[in-house]
$ cat start-v7.json   # JSON, N, CA and C atoms
[["chain", "number", "residue", "atom", "x", "y", "z"],
["A", 7, "MET", "N", 0.43, 20.15, -3.83],
["A", 7, "MET", "CA", -0.71, 19.27, -3.76],
["A", 7, "MET", "C", -0.62, 18.16, -4.79],
["A", 8, "ASP", "N", 0.56, 17.86, -5.25],
["A", 8, "ASP", "CA", 0.71, 16.78, -6.21],
["A", 8, "ASP", "C", 0.27, 15.46, -5.60],
["A", 9, "GLY", "N", -0.45, 14.69, -6.38],
["A", 9, "GLY", "CA", -0.88, 13.37, -5.92],
["A", 9, "GLY", "C", -2.10, 13.38, -5.03],
["A", 10, "ILE", "N", -2.69, 14.53, -4.79],
["A", 10, "ILE", "CA", -3.88, 14.60, -3.95],
["A", 10, "ILE", "C", -5.11, 14.67, -4.85],
["A", 11, "THR", "N", -6.07, 13.81, -4.58],
["A", 11, "THR", "CA", -7.31, 13.78, -5.35],
["A", 11, "THR", "C", -8.43, 14.34, -4.49],
["A", 12, "PRO", "N", -9.17, 15.34, -4.99],
["A", 12, "PRO", "CA", -10.28, 15.87, -4.21],
["A", 12, "PRO", "C", -11.37, 14.80, -4.02],
["A", 13, "VAL", "N", -12.02, 14.84, -2.89],
["A", 13, "VAL", "CA", -13.08, 13.91, -2.55],
["A", 13, "VAL", "C", -14.32, 14.72, -2.19],
["A", 14, "THR", "N", -15.46, 14.29, -2.68],
["A", 14, "THR", "CA", -16.72, 14.94, -2.33],
["A", 14, "THR", "C", -17.43, 14.09, -1.28],
["A", 15, "LEU", "N", -17.72, 14.71, -0.16],
["A", 15, "LEU", "CA", -18.48, 14.06, 0.91],
["A", 15, "LEU", "C", -19.85, 14.72, 0.95],
["A", 16, "ARG", "N", -20.89, 13.94, 1.02],
["A", 16, "ARG", "CA", -22.25, 14.48, 1.03],
["A", 16, "ARG", "C", -22.95, 14.10, 2.33],
["A", 17, "THR", "N", -23.71, 15.05, 2.84],
["A", 17, "THR", "CA", -24.53, 14.80, 4.03],
["A", 17, "THR", "C", -25.68, 15.79, 4.03],
["A", 18, "VAL", "N", -26.65, 15.54, 4.86],
["A", 18, "VAL", "CA", -27.77, 16.46, 5.04],
["A", 18, "VAL", "C", -27.66, 17.01, 6.45],
["A", 19, "ALA", "N", -27.69, 18.35, 6.57],
["A", 19, "ALA", "CA", -27.56, 18.99, 7.88],
["A", 19, "ALA", "C", -28.26, 20.34, 7.84],
["A", 20, "ASP", "N", -28.59, 20.84, 9.00],
["A", 20, "ASP", "CA", -29.25, 22.14, 9.10],
["A", 20, "ASP", "C", -28.26, 23.29, 9.20],
["A", 21, "SER", "N", -26.98, 23.00, 9.41],
["A", 21, "SER", "CA", -25.98, 24.06, 9.51],
["A", 21, "SER", "C", -24.62, 23.53, 9.06],
["A", 22, "GLU", "N", -23.71, 24.45, 8.79],
["A", 22, "GLU", "CA", -22.35, 24.07, 8.43],
["A", 22, "GLU", "C", -21.68, 23.32, 9.59],
["A", 23, "GLU", "N", -21.90, 23.78, 10.80],
["A", 23, "GLU", "CA", -21.30, 23.14, 11.97],
["A", 23, "GLU", "C", -21.77, 21.69, 12.11],
["A", 24, "GLU", "N", -23.06, 21.47, 11.91],
["A", 24, "GLU", "CA", -23.61, 20.11, 12.01],
["A", 24, "GLU", "C", -23.01, 19.22, 10.92],
["A", 25, "ALA", "N", -22.89, 19.74, 9.71],
["A", 25, "ALA", "CA", -22.33, 18.96, 8.61],
["A", 25, "ALA", "C", -20.86, 18.62, 8.88],
["A", 26, "CYS", "N", -20.09, 19.60, 9.29],
["A", 26, "CYS", "CA", -18.66, 19.37, 9.56],
["A", 26, "CYS", "C", -18.45, 18.41, 10.73],
["A", 27, "ALA", "N", -19.34, 18.44, 11.71],
["A", 27, "ALA", "CA", -19.21, 17.55, 12.86],
["A", 27, "ALA", "C", -19.32, 16.08, 12.46],
["A", 28, "LYS", "N", -20.03, 15.82, 11.37],
["A", 28, "LYS", "CA", -20.18, 14.45, 10.90],
["A", 28, "LYS", "C", -18.89, 13.91, 10.30],
["A", 29, "PHE", "N", -17.96, 14.80, 9.95],
["A", 29, "PHE", "CA", -16.68, 14.41, 9.36],
["A", 29, "PHE", "C", -15.55, 15.07, 10.14],
["A", 30, "SER", "N", -15.55, 14.91, 11.44],
["A", 30, "SER", "CA", -14.63, 15.65, 12.32],
["A", 30, "SER", "C", -13.16, 15.33, 12.07],
["A", 31, "SER", "N", -12.85, 14.18, 11.51],
["A", 31, "SER", "CA", -11.43, 13.85, 11.29],
["A", 31, "SER", "C", -10.93, 14.32, 9.92],
["A", 32, "TRP", "N", -11.78, 14.99, 9.14],
["A", 32, "TRP", "CA", -11.42, 15.47, 7.81],
["A", 32, "TRP", "C", -11.08, 16.96, 7.85],
["A", 33, "ASP", "N", -10.17, 17.40, 7.00],
["A", 33, "ASP", "CA", -9.89, 18.82, 6.79],
["A", 33, "ASP", "C", -10.78, 19.27, 5.64],
["A", 34, "LEU", "N", -11.87, 19.96, 5.96],
["A", 34, "LEU", "CA", -12.93, 20.22, 4.99],
["A", 34, "LEU", "C", -12.93, 21.64, 4.44],
["A", 35, "THR", "N", -13.36, 21.77, 3.20],
["A", 35, "THR", "CA", -13.78, 23.03, 2.61],
["A", 35, "THR", "C", -15.27, 22.89, 2.40],
["A", 36, "PHE", "N", -16.03, 23.77, 3.02],
["A", 36, "PHE", "CA", -17.48, 23.61, 3.05],
["A", 36, "PHE", "C", -18.12, 24.26, 1.83],
["A", 37, "ALA", "N", -19.04, 23.55, 1.21],
["A", 37, "ALA", "CA", -19.87, 24.09, 0.13],
["A", 37, "ALA", "C", -21.29, 23.60, 0.36],
["A", 38, "ALA", "N", -22.24, 24.48, 0.33],
["A", 38, "ALA", "CA", -23.63, 24.11, 0.59],
["A", 38, "ALA", "C", -24.41, 24.04, -0.71],
["A", 39, "LYS", "N", -25.40, 23.19, -0.71],
["A", 39, "LYS", "CA", -26.30, 23.09, -1.85],
["A", 39, "LYS", "C", -27.72, 23.12, -1.30],
["A", 40, "ILE", "N", -28.47, 24.07, -1.77],
["A", 40, "ILE", "CA", -29.86, 24.20, -1.32],
["A", 40, "ILE", "C", -30.70, 23.20, -2.09],
["A", 41, "ARG", "N", -31.50, 22.45, -1.38],
["A", 41, "ARG", "CA", -32.35, 21.46, -2.03],
["A", 41, "ARG", "C", -33.34, 22.15, -2.96],
["A", 42, "THR", "N", -33.53, 21.54, -4.12],
["A", 42, "THR", "CA", -34.51, 22.06, -5.07],
["A", 42, "THR", "C", -35.27, 20.88, -5.66],
["A", 43, "GLU", "N", -36.32, 21.18, -6.33],
["A", 43, "GLU", "CA", -37.09, 20.17, -7.04],
["A", 43, "GLU", "C", -36.69, 20.16, -8.51],
["A", 44, "SER", "N", -35.48, 20.58, -8.81],
["A", 44, "SER", "CA", -35.01, 20.70, -10.19],
["A", 44, "SER", "C", -34.94, 19.34, -10.86],
["A", 45, "THR", "N", -35.31, 19.34, -12.14],
["A", 45, "THR", "CA", -35.24, 18.11, -12.92],
["A", 45, "THR", "C", -33.86, 17.90, -13.52],
["A", 46, "ILE", "N", -33.05, 18.94, -13.58],
["A", 46, "ILE", "CA", -31.68, 18.83, -14.10],
["A", 46, "ILE", "C", -30.74, 19.12, -12.95],
["A", 47, "ASN", "N", -29.90, 18.16, -12.61],
["A", 47, "ASN", "CA", -28.96, 18.32, -11.51],
["A", 47, "ASN", "C", -27.74, 17.47, -11.81],
["A", 48, "THR", "N", -26.63, 18.10, -12.12],
["A", 48, "THR", "CA", -25.41, 17.36, -12.43],
["A", 48, "THR", "C", -24.21, 18.08, -11.85],
["A", 49, "GLY", "N", -23.16, 17.35, -11.60],
["A", 49, "GLY", "CA", -21.95, 17.95, -11.06],
["A", 49, "GLY", "C", -20.72, 17.22, -11.56],
["A", 50, "TRP", "N", -19.59, 17.90, -11.55],
["A", 50, "TRP", "CA", -18.34, 17.30, -11.98],
["A", 50, "TRP", "C", -17.18, 18.04, -11.33],
["A", 51, "ALA", "N", -16.01, 17.44, -11.35],
["A", 51, "ALA", "CA", -14.81, 18.02, -10.76],
["A", 51, "ALA", "C", -13.74, 18.20, -11.82],
["A", 52, "ASP", "N", -13.02, 19.31, -11.73],
["A", 52, "ASP", "CA", -11.86, 19.57, -12.58],
["A", 52, "ASP", "C", -10.62, 19.28, -11.76],
["A", 53, "PRO", "N", -9.96, 18.14, -12.01],
["A", 53, "PRO", "CA", -8.82, 17.75, -11.18],
["A", 53, "PRO", "C", -7.61, 18.68, -11.33],
["A", 54, "GLU", "N", -7.51, 19.40, -12.43],
["A", 54, "GLU", "CA", -6.37, 20.30, -12.61],
["A", 54, "GLU", "C", -6.48, 21.56, -11.76],
["A", 55, "SER", "N", -7.70, 22.10, -11.65],
["A", 55, "SER", "CA", -7.88, 23.33, -10.87],
["A", 55, "SER", "C", -8.49, 23.07, -9.50],
["A", 56, "PHE", "N", -8.79, 21.80, -9.19],
["A", 56, "PHE", "CA", -9.45, 21.43, -7.93],
["A", 56, "PHE", "C", -10.77, 22.20, -7.78],
["A", 57, "THR", "N", -11.52, 22.33, -8.87],
["A", 57, "THR", "CA", -12.79, 23.03, -8.87],
["A", 57, "THR", "C", -13.93, 22.03, -9.00],
["A", 58, "LEU", "N", -14.94, 22.17, -8.15],
["A", 58, "LEU", "CA", -16.15, 21.36, -8.24],
["A", 58, "LEU", "C", -17.23, 22.21, -8.89],
["A", 59, "TRP", "N", -17.88, 21.69, -9.90],
["A", 59, "TRP", "CA", -18.91, 22.39, -10.63],
["A", 59, "TRP", "C", -20.25, 21.68, -10.43],
["A", 60, "THR", "N", -21.33, 22.45, -10.30],
["A", 60, "THR", "CA", -22.67, 21.90, -10.22],
["A", 60, "THR", "C", -23.59, 22.72, -11.10],
["A", 61, "MET", "N", -24.44, 22.03, -11.85],
["A", 61, "MET", "CA", -25.43, 22.71, -12.68],
["A", 61, "MET", "C", -26.81, 22.23, -12.23],
["A", 62, "ILE", "N", -27.65, 23.18, -11.88],
["A", 62, "ILE", "CA", -29.01, 22.87, -11.43],
["A", 62, "ILE", "C", -29.97, 23.66, -12.31],
["A", 63, "GLY", "N", -30.97, 23.01, -12.83],
["A", 63, "GLY", "CA", -31.94, 23.71, -13.68],
["A", 63, "GLY", "C", -33.22, 22.93, -13.79],
["A", 64, "THR", "N", -34.08, 23.42, -14.60],
["A", 64, "THR", "CA", -35.36, 22.77, -14.81],
["A", 64, "THR", "C", -35.86, 23.06, -16.21],
["A", 65, "ASP", "N", -36.72, 22.24, -16.71],
["A", 65, "ASP", "CA", -37.38, 22.47, -17.99],
["A", 65, "ASP", "C", -38.54, 23.42, -17.70],
["A", 66, "ILE", "N", -38.43, 24.66, -18.15],
["A", 66, "ILE", "CA", -39.41, 25.67, -17.77],
["A", 66, "ILE", "C", -40.72, 25.58, -18.56],
["A", 67, "ARG", "N", -40.76, 24.74, -19.58],
["A", 67, "ARG", "CA", -41.99, 24.67, -20.40],
["A", 67, "ARG", "C", -43.21, 24.36, -19.55],
["A", 68, "GLN", "N", -43.12, 23.35, -18.67],
["A", 68, "GLN", "CA", -44.28, 22.98, -17.86],
["A", 68, "GLN", "C", -44.66, 24.12, -16.92],
["A", 69, "SER", "N", -43.68, 24.78, -16.30],
["A", 69, "SER", "CA", -43.99, 25.88, -15.40],
["A", 69, "SER", "C", -44.67, 27.02, -16.12],
["A", 70, "VAL", "N", -44.19, 27.35, -17.31],
["A", 70, "VAL", "CA", -44.80, 28.43, -18.10],
["A", 70, "VAL", "C", -46.22, 28.04, -18.50],
["A", 71, "GLN", "N", -46.42, 26.80, -18.91],
["A", 71, "GLN", "CA", -47.76, 26.35, -19.30],
["A", 71, "GLN", "C", -48.71, 26.38, -18.09],
["A", 72, "GLU", "N", -48.22, 25.99, -16.92],
["A", 72, "GLU", "CA", -49.06, 26.02, -15.72],
["A", 72, "GLU", "C", -49.44, 27.46, -15.38],
["A", 73, "MET", "N", -48.48, 28.38, -15.49],
["A", 73, "MET", "CA", -48.77, 29.78, -15.20],
["A", 73, "MET", "C", -49.78, 30.35, -16.20],
["A", 74, "ALA", "N", -49.72, 29.87, -17.44],
["A", 74, "ALA", "CA", -50.62, 30.36, -18.48],
["A", 74, "ALA", "C", -51.99, 29.67, -18.43],
["A", 75, "GLY", "N", -52.13, 28.66, -17.55],
["A", 75, "GLY", "CA", -53.39, 27.94, -17.45],
["A", 75, "GLY", "C", -53.60, 26.89, -18.49],
["A", 76, "VAL", "N", -52.51, 26.48, -19.17],
["A", 76, "VAL", "CA", -52.62, 25.47, -20.22],
["A", 76, "VAL", "C", -52.77, 24.09, -19.61],
["A", 77, "LEU", "N", -52.04, 23.82, -18.54],
["A", 77, "LEU", "CA", -52.11, 22.50, -17.88],
["A", 77, "LEU", "C", -53.07, 22.59, -16.69],
["A", 78, "HIS", "N", -53.85, 21.58, -16.54],
["A", 78, "HIS", "CA", -54.79, 21.53, -15.41],
["A", 78, "HIS", "C", -54.56, 20.23, -14.66],
["A", 79, "GLY", "N", -54.32, 20.35, -13.32],
["A", 79, "GLY", "CA", -53.99, 19.20, -12.51],
["A", 79, "GLY", "C", -55.12, 18.33, -12.26]]
$ encode --input "start-v7.json" --output "structure tokens"
Amino acid sequence: MDGITPVTLRTVADSEEEACAKFSSWDLTFAAKIRTESTINTGWADPESFTLWTMIGTDIRQSVQEMAGVLHG
């Protein structure tokens, strides 16, 4: 695989088949990401290992305060 650079293709679909059909001429490895309302969302690729990394998180302080009744909408 020398000289090959991984490419990330993004789409929105209800199934793997629907997503892959949008890129029918590509040889794909499928990875799904569930939509979230997370405030922290970042991703990166390691070109040496051909690994794609994604970090999804949130600042839990507001959620904890809401559960404790500290914040009022």
$ closest_residue --input "start-v7.json" --among "A:Ile10, A:Trp59, A:Ala37, A:Ile66" --to "A:Ala25" --atoms "only C-alpha atoms"
A:Ala37
$ residues_around --input "start-v7.json" --residues "A:Trp32" --least-positions-apart "5" --cutoff "12 Å" --atoms "only C-alpha atoms" --output "PyMOL selection string"
chain A and resi 13-15+25-27
$ atom_distance --input "start-v7.json" --atom1 "atom CA of A:Asn47" --atom2 "atom N of A:Gly63"
5.3 Å
$ atom_distance --input "start-v7.json" --atom1 "atom N of A:Ser30" --atom2 "atom N of A:Pro12"
17.6 Å
$ atom_distance --input "start-v7.json" --atom1 "atom CA of A:Ile46" --atom2 "atom CA of A:Val70"
16.7 Å
$ axis_aligned_box --input "start-v7.json" --around "stretch 7-23 of chain A" --padding-each-side "4 Å" --output "JSON"
{"center_x": -14.3, "center_y": 18.9, "center_z": 2.9, "size_x": 38.0, "size_y": 19.1, "size_z": 26.5}
